[in-house]
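Source file: upload-v9.txt. Holds: compact mmCIF, C-alpha atoms and all ligand atoms.
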```txt
# COMPACT_ATOMS: atom_id res chain seq x y z
CA MET A 21 11.89 25.46 -35.38
CA ILE A 22 15.49 26.55 -35.10
CA GLN A 23 17.05 28.38 -38.06
CA THR A 24 19.23 26.37 -40.40
CA ASP A 25 22.54 28.10 -39.66
CA LYS A 26 22.00 27.65 -35.92
CA ARG A 27 20.98 24.05 -36.52
CA ASN A 28 24.15 23.37 -38.42
CA ALA A 29 26.22 24.76 -35.60
CA ILE A 30 24.57 22.44 -33.14
CA MET A 31 24.58 19.31 -35.26
CA ARG A 32 27.69 18.40 -37.09
CA VAL A 33 28.42 15.39 -39.16
CA ALA A 34 31.28 13.83 -37.31
CA GLU A 35 32.10 10.86 -39.42
CA THR A 36 30.69 9.02 -42.34
CA ILE A 37 30.93 5.51 -41.20
CA ASP A 38 29.38 3.39 -43.86
CA CYS A 39 28.50 4.52 -47.34
CA GLN A 40 24.96 5.22 -46.15
CA VAL A 41 25.22 5.97 -42.46
CA ARG A 42 26.12 9.46 -41.24
CA ARG A 43 26.97 9.85 -37.60
CA VAL A 44 25.82 13.21 -36.29
CA ARG A 45 26.96 14.69 -33.01
CA VAL A 46 24.51 17.06 -31.40
CA ASN A 47 25.74 19.67 -28.97
CA ALA A 48 23.02 19.09 -26.46
CA VAL A 49 23.94 22.12 -24.36
CA GLU A 50 23.66 24.42 -27.40
CA ALA A 51 20.45 22.70 -28.43
CA MET A 52 18.99 23.41 -25.00
CA ARG A 53 20.11 26.98 -25.23
CA ALA A 54 18.52 27.32 -28.68
CA HIS A 55 15.25 26.14 -27.21
CA GLU A 56 15.60 28.51 -24.29
CA LEU A 57 15.88 25.54 -21.99
CA ALA A 58 19.30 26.42 -20.70
CA GLU A 59 17.82 27.41 -17.37
CA ILE A 60 14.75 26.20 -15.56
CA THR A 61 13.27 27.35 -12.26
CA ILE A 62 12.17 24.80 -9.69
CA ASP A 63 10.53 25.66 -6.38
CA LEU A 64 11.35 22.97 -3.87
CA MET A 65 8.66 22.33 -1.31
CA PRO A 66 9.65 21.52 2.29
CA GLY A 67 11.05 17.99 2.39
CA GLU A 68 12.12 18.07 -1.27
CA THR A 69 15.50 18.34 -2.90
CA LEU A 70 16.82 18.39 -6.46
CA CYS A 71 17.15 14.94 -7.93
CA PRO A 72 20.79 13.87 -7.57
CA PHE A 73 20.54 11.80 -10.76
CA CYS A 74 19.30 14.40 -13.25
CA LEU A 75 20.12 17.50 -11.18
CA GLY A 76 16.61 18.77 -11.60
CA THR A 77 16.50 18.54 -15.40
CA ASN A 78 14.37 15.38 -15.38
CA LEU A 79 16.56 14.20 -18.25
CA ARG A 80 18.54 11.03 -18.68
CA LYS A 81 20.55 9.90 -21.69
CA VAL A 82 19.65 6.63 -23.31
CA ASP A 83 22.12 4.96 -25.60
CA VAL A 84 21.49 2.02 -27.77
CA ARG A 85 24.24 0.33 -29.76
CA PHE A 86 23.17 -1.97 -32.50
CA THR A 87 24.24 -3.40 -35.78
CA THR A 88 22.16 -3.72 -38.88
CA HIS A 89 24.40 -6.13 -40.74
CA GLY A 90 25.26 -8.61 -38.05
CA PRO A 91 28.43 -8.57 -36.00
CA GLU A 92 30.70 -9.53 -38.89
CA VAL A 93 30.83 -5.98 -40.31
CA SER A 94 34.10 -5.03 -38.63
CA GLY A 95 32.26 -5.19 -35.33
CA PHE A 96 30.90 -1.70 -35.82
CA PRO A 97 27.91 -0.90 -33.70
CA PHE A 98 25.59 1.87 -34.78
CA SER A 99 24.36 4.24 -32.16
CA TYR A 100 21.09 5.85 -31.21
CA GLU A 101 21.27 8.23 -28.29
CA TRP A 102 18.48 10.39 -26.96
CA PHE A 103 17.17 12.00 -23.81
CA THR A 104 14.28 10.59 -21.90
CA THR A 105 12.70 11.35 -18.51
CA CYS A 106 14.88 10.69 -15.48
CA GLY A 107 12.62 8.04 -13.93
CA GLN A 108 14.16 8.41 -10.46
CA CYS A 109 12.41 11.61 -9.50
CA GLU A 110 9.22 13.62 -9.72
CA PHE A 111 10.01 16.06 -12.60
CA GLY A 112 13.47 16.82 -11.20
CA ARG A 113 12.40 16.90 -7.56
CA MET A 114 12.93 14.18 -5.00
CA LYS A 115 11.59 13.66 -1.49
CA VAL A 116 14.03 13.67 1.41
CA CYS A 117 13.42 11.22 4.23
CA LYS A 118 12.83 13.21 7.39
CA HIS A 119 14.37 10.44 9.49
CA CYS A 120 17.70 9.89 7.74
CA ASP A 121 17.99 12.82 5.28
CA HIS A 122 18.54 10.52 2.29
CA THR A 123 16.72 11.11 -0.98
CA VAL A 124 13.92 8.69 -1.78
CA SER A 125 13.41 7.71 -5.42
CA LYS A 126 10.00 8.03 -7.03
CA GLY A 127 7.70 5.14 -6.16
CA SER A 128 9.90 3.77 -3.39
CA LEU A 129 9.94 4.08 0.37
CA CYS A 130 12.92 4.79 2.56
CA GLN A 131 14.13 1.65 4.30
CA CYS A 132 15.81 3.38 7.23
CA LYS A 133 14.76 2.30 10.73
CA GLY A 134 12.88 5.54 11.45
CA ALA A 135 10.85 5.41 8.25
CA ILE A 136 10.00 1.72 8.70
CA ALA A 137 8.93 2.34 12.31
CA GLU A 138 6.75 5.27 11.23
CA ARG A 139 5.02 3.20 8.54
CA GLN A 140 4.43 0.38 11.02
CA GLU A 141 2.95 2.81 13.53
CA ILE A 142 0.56 4.12 10.88
CA GLU A 143 -0.46 0.55 9.98
CA VAL A 144 -1.04 -0.36 13.62
CA ALA A 145 -3.11 2.80 14.18
CA LYS A 146 -5.16 2.11 11.04
CA GLU A 147 -5.85 -1.46 12.13
CA ALA A 148 -6.78 -0.30 15.64
CA ASP A 149 -9.12 2.29 14.15
CA ARG A 150 -10.70 -0.34 11.88
CA LEU A 151 -11.26 -2.68 14.82
CA ALA A 152 -12.63 0.11 17.01
CA LYS A 153 -15.31 0.86 14.42
CA MET A 154 -16.50 -2.74 14.21
CA ARG A 155 -19.77 -3.88 15.73
CA HIS A 156 -19.62 -6.48 18.52
CA ILE A 157 -22.08 -9.33 19.07
CA SER A 158 -22.23 -12.20 21.55
CA PRO A 159 -21.96 -15.85 20.42
CA ALA A 160 -25.69 -16.23 21.18
CA GLU A 161 -26.50 -13.61 18.55
CA TYR A 162 -24.63 -15.47 15.83
CA ALA A 163 -26.69 -17.72 13.61
CA HIS A 164 -24.10 -19.70 11.63
CA GLU A 165 -21.82 -22.59 12.45
CA LYS A 166 -18.44 -21.24 11.40
CA VAL A 167 -16.48 -18.10 12.23
CA TYR A 168 -13.31 -16.56 10.83
CA VAL A 169 -10.31 -16.74 13.18
CA ASN A 170 -6.64 -16.24 12.27
CA GLU A 171 -7.34 -16.54 8.55
CA GLU A 172 -9.22 -19.80 9.04
CA TYR A 173 -12.89 -20.79 9.06
CA ARG A 174 -13.57 -22.64 12.29
CA VAL A 175 -16.57 -24.01 14.16
CA LEU A 176 -17.68 -21.43 16.72
CA GLY A 177 -18.20 -24.09 19.43
CA ASP A 178 -14.55 -25.21 19.14
CA VAL A 179 -13.33 -21.64 19.46
CA ILE A 180 -15.47 -21.11 22.57
CA SER A 181 -14.13 -24.33 24.16
CA GLU A 182 -10.57 -23.21 23.47
CA ALA A 183 -11.24 -19.87 25.11
CA GLU A 184 -12.76 -21.64 28.11
CA ASP A 185 -9.58 -23.72 28.36
CA GLY A 186 -7.68 -20.48 28.76
CA GLU A 187 -6.28 -20.14 25.23
CA ASP A 188 -6.05 -16.75 23.58
CA VAL A 189 -8.19 -17.36 20.50
CA GLY A 190 -7.59 -13.95 18.96
CA LEU A 191 -10.05 -11.94 16.94
CA VAL A 192 -13.21 -13.86 16.06
CA LEU A 193 -15.15 -12.48 13.10
CA ALA A 194 -18.72 -13.26 12.19
CA CYS A 195 -19.27 -14.58 8.68
CA GLU A 196 -21.81 -14.10 5.99
CA LEU A 197 -23.11 -17.10 4.15
CA THR A 198 -23.73 -17.04 0.47
CA GLU A 199 -24.74 -19.69 -1.94
CA PRO A 200 -23.14 -19.07 -5.31
CA ALA A 201 -25.66 -18.96 -8.14
CA LEU A 202 -24.41 -21.85 -10.25
CA CYS A 203 -27.62 -23.06 -11.89
CA PRO A 204 -27.25 -22.67 -15.67
CA ASP A 205 -29.14 -19.79 -17.21
CA ALA A 206 -31.61 -20.58 -20.02
CA ASP A 207 -30.48 -17.41 -21.86
CA ASP A 208 -26.91 -18.72 -21.96
CA VAL A 209 -28.01 -22.04 -23.39
CA ILE A 210 -30.17 -20.37 -26.04
CA GLU A 211 -27.34 -17.99 -26.93
CA ARG A 212 -25.00 -20.94 -27.33
CA ILE A 213 -27.44 -22.61 -29.73
CA GLU A 214 -27.68 -19.36 -31.74
CA ASP A 215 -23.88 -19.04 -31.84
CA ARG A 216 -23.59 -22.53 -33.19
CA ALA A 217 -26.27 -21.76 -35.77
CA TYR A 218 -24.14 -18.82 -36.99
CA GLU A 219 -21.10 -21.08 -37.16
CA GLU A 220 -23.05 -23.51 -39.35
CA CYS A 221 -24.60 -20.93 -41.61
CA ASP A 222 -23.87 -17.22 -41.98
CA ASP A 223 -27.43 -15.93 -42.02
CA GLY A 224 -28.13 -17.43 -38.60
CA HIS A 225 -31.84 -17.82 -39.24
CA ILE A 226 -31.75 -21.59 -39.32
CA VAL A 227 -32.90 -21.73 -35.72
CA SER A 228 -35.75 -19.95 -33.98
CA PHE A 229 -37.43 -20.41 -30.61
CA GLY A 230 -41.17 -20.41 -29.96
CA ALA A 231 -42.96 -18.37 -27.30
CA GLY A 232 -42.15 -19.55 -23.79
CA ALA A 233 -39.08 -21.49 -24.91
CA LYS A 234 -36.81 -19.72 -22.47
CA GLU A 235 -39.14 -20.14 -19.49
CA ALA A 236 -39.67 -23.83 -20.25
CA LEU A 237 -35.93 -24.44 -20.48
CA GLN A 238 -35.27 -22.55 -17.25
CA ALA A 239 -37.84 -24.67 -15.45
CA VAL A 240 -36.08 -27.83 -16.66
CA LEU A 241 -32.68 -26.51 -15.66
CA ASP A 242 -33.88 -25.41 -12.20
CA LYS A 243 -35.45 -28.78 -11.54
CA TRP A 244 -32.42 -30.71 -12.77
CA PHE A 245 -30.07 -28.52 -10.71
CA ALA A 246 -32.14 -28.89 -7.53
CA GLU A 247 -32.30 -32.67 -7.91
CA HIS A 248 -28.76 -33.43 -9.01
CA CYS A 249 -26.38 -30.74 -7.78
CA THR A 250 -25.10 -29.92 -4.33
CA VAL A 251 -23.48 -26.55 -3.77
CA ASN A 252 -21.58 -25.93 -0.58
CA GLU A 253 -22.34 -22.72 1.24
CA LEU A 254 -19.56 -20.16 1.12
CA TYR A 255 -18.50 -18.26 4.19
CA TYR A 256 -17.17 -14.70 4.01
CA PRO A 257 -15.80 -12.82 7.00
CA THR A 258 -17.67 -9.62 7.91
CA ASN A 259 -16.74 -6.58 9.96
CA VAL A 260 -18.56 -7.89 13.02
CA ILE A 261 -16.61 -9.18 16.02
CA ILE A 262 -17.97 -12.02 18.14
CA ASP A 263 -16.96 -11.44 21.75
CA ILE A 264 -15.81 -14.70 23.25
CA SER A 265 -15.61 -14.65 27.04
CA PRO A 266 -12.19 -15.56 28.39
CA ALA A 267 -11.68 -18.51 30.73
CA LYS A 268 -13.33 -18.11 34.09
CA THR A 269 -11.03 -17.47 37.01
CA GLU A 270 -11.05 -20.00 39.86
CA GLU A 271 -13.05 -17.58 41.95
CA GLU A 272 -15.74 -17.29 39.30
CA GLU A 273 -15.82 -21.08 38.88
CA ALA A 274 -16.43 -21.47 42.61
CA GLN A 275 -19.48 -19.20 42.58
ZN ZN B 301 15.76 13.02 -11.70
ZN ZN B 302 15.09 7.34 5.85
```
Here is the file; what I need is its structure written in the form of structure tokens.
Ligand SMILES: [Zn+2]
Ligand SMILES: [Zn+2]
Amino acid sequence: MIQTDKRNAIMRVAETIDCQVRRVRVNAVEAMRAHELAEITIDLMPGETLCPFCLGTNLRKVDVRFTTHGPEVSGFPFSYEWFTTCGQCEFGRMKVCKHCDHTVSKGSLCQCKGAIAERQEIEVAKEADRLAKMRHISPAEYAHEKVYVNEEYRVLGDVISEAEDGEDVGLVLACELTEPALCPDADDVIERIEDRAYEECDDGHIVSFGAGAKEALQAVLDKWFAEHCTVNELYYPTNVIIDISPAKTEEEEAQ
């Protein structure tokens, strides 16, 4: 803590502006000095510069004007001011774009042509790498009806016909089929009955289930579900490419 006489030199009561409110002005530079914060050392790594907003201090002033009595009190707004973190930089440091030399705020990306092109290149390379690592199968090795093409689920036969007609069908991905487990669970039903028992009566012992109750209920539920519910199969694309042969050339057709 800073000694009282020093404190008084830094903070002075500037005005008394209401019978209860004292406005204090703080000499922030002296306050920093008192805390031995007047100078800080920052090592800038290659590609970094001092933040042009806070000049490396990582500080930003916030001011809030408000009134406690409503606007009618001679329009006087009270004031709270304080320092908070800069928000534009990484603790006073900011990255410099290697393409255009502009500073890039924390959490954002430079929008200059060079930076955009570099990011696109990286994306393209990543995608190419992802595709290169995928397994390939032939249509004959694929067991299901539908495939994933251009963000759509399509019948494999249609895609093959299109390719035979000379169209570029794009990347054809094999799918996995899953059937969502939608049959009600006996445990859930029993829990629901117990919950309702608690709602009716605090001690909750008004209901009990005999041996085999859960299994018997599950058997009923399974049977009912099998007889009365239809669940469509769900397709999910996988990381397996189905190689569709392109259209035959006239020469090949002739053979
Ligand atoms: Zn800053
Ligand atoms: Zn740039």
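Nearest-residue note for A:Ala152: choosing from A:Ser265, A:Asn78, A:Gln140, A:Asn259, the minimum distance belongs to A:Asn259, counting only C-alpha atoms.
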Expected selection as an mmCIF file with C-alpha atoms, keeping the file's coordinate frame for ligand ZN 301 (chain B) within 10 Å, all atoms listed in the file:
```
data_model
loop_
_atom_site.group_PDB
_atom_site.id
_atom_site.type_symbol
_atom_site.label_atom_id
_atom_site.label_comp_id
_atom_site.auth_asym_id
_atom_site.auth_seq_id
_atom_site.Cartn_x
_atom_site.Cartn_y
_atom_site.Cartn_z
ATOM 1 C CA LEU A 70 16.820 18.390 -6.460
ATOM 2 C CA CYS A 71 17.150 14.940 -7.930
ATOM 3 C CA PRO A 72 20.790 13.870 -7.570
ATOM 4 C CA PHE A 73 20.540 11.800 -10.760
ATOM 5 C CA CYS A 74 19.300 14.400 -13.250
ATOM 6 C CA LEU A 75 20.120 17.500 -11.180
ATOM 7 C CA GLY A 76 16.610 18.770 -11.600
ATOM 8 C CA THR A 77 16.500 18.540 -15.400
ATOM 9 C CA ASN A 78 14.370 15.380 -15.380
ATOM 10 C CA LEU A 79 16.560 14.200 -18.250
ATOM 11 C CA ARG A 80 18.540 11.030 -18.680
ATOM 12 C CA THR A 105 12.700 11.350 -18.510
ATOM 13 C CA CYS A 106 14.880 10.690 -15.480
ATOM 14 C CA GLY A 107 12.620 8.040 -13.930
ATOM 15 C CA GLN A 108 14.160 8.410 -10.460
ATOM 16 C CA CYS A 109 12.410 11.610 -9.500
ATOM 17 C CA GLU A 110 9.220 13.620 -9.720
ATOM 18 C CA PHE A 111 10.010 16.060 -12.600
ATOM 19 C CA GLY A 112 13.470 16.820 -11.200
ATOM 20 C CA ARG A 113 12.400 16.900 -7.560
ATOM 21 C CA MET A 114 12.930 14.180 -5.000
ATOM 22 C CA SER A 125 13.410 7.710 -5.420
ATOM 23 C CA LYS A 126 10.000 8.030 -7.030
#
```
Need the shell around stretch 203-212 of chain A: protein/DNA/RNA residues with any atom at most 6 Å away, counting only C-alpha atoms. Skip same-chain ones fewer than 3 positions apart. Format as a PyMOL selection string?
chain A and resi 215+234+237-238
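Residue nearest ligand ZN 302 (chain B), chosen from A:His156, A:His55, A:Arg216, A:His119 and counting all atoms listed in the file: A:His119.
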By how many Å are atom CA of A:Ala54 and atom CA of A:Thr104 apart?
18.5 Å
Could I get the residue neighbourhood of ligand ZN 302 (chain B) at 8 Å, counting all atoms listed in the file, as a PyMOL selection string?
chain A and resi 116-124+130-135
Distance in Å - atom CA of A:Leu197 versus atom CA of A:Arg155
17.9 Å
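For the atom pair formed by atom CA of A:Pro257 and atom CA of A:Ser158, the distance is 15.9 Å, given to one decimal.
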Cut-off 10 Å around (27.6, 2.0, -30.5) with only C-alpha atoms: residues as number ranges by chain:
A: 83-87, 95-101
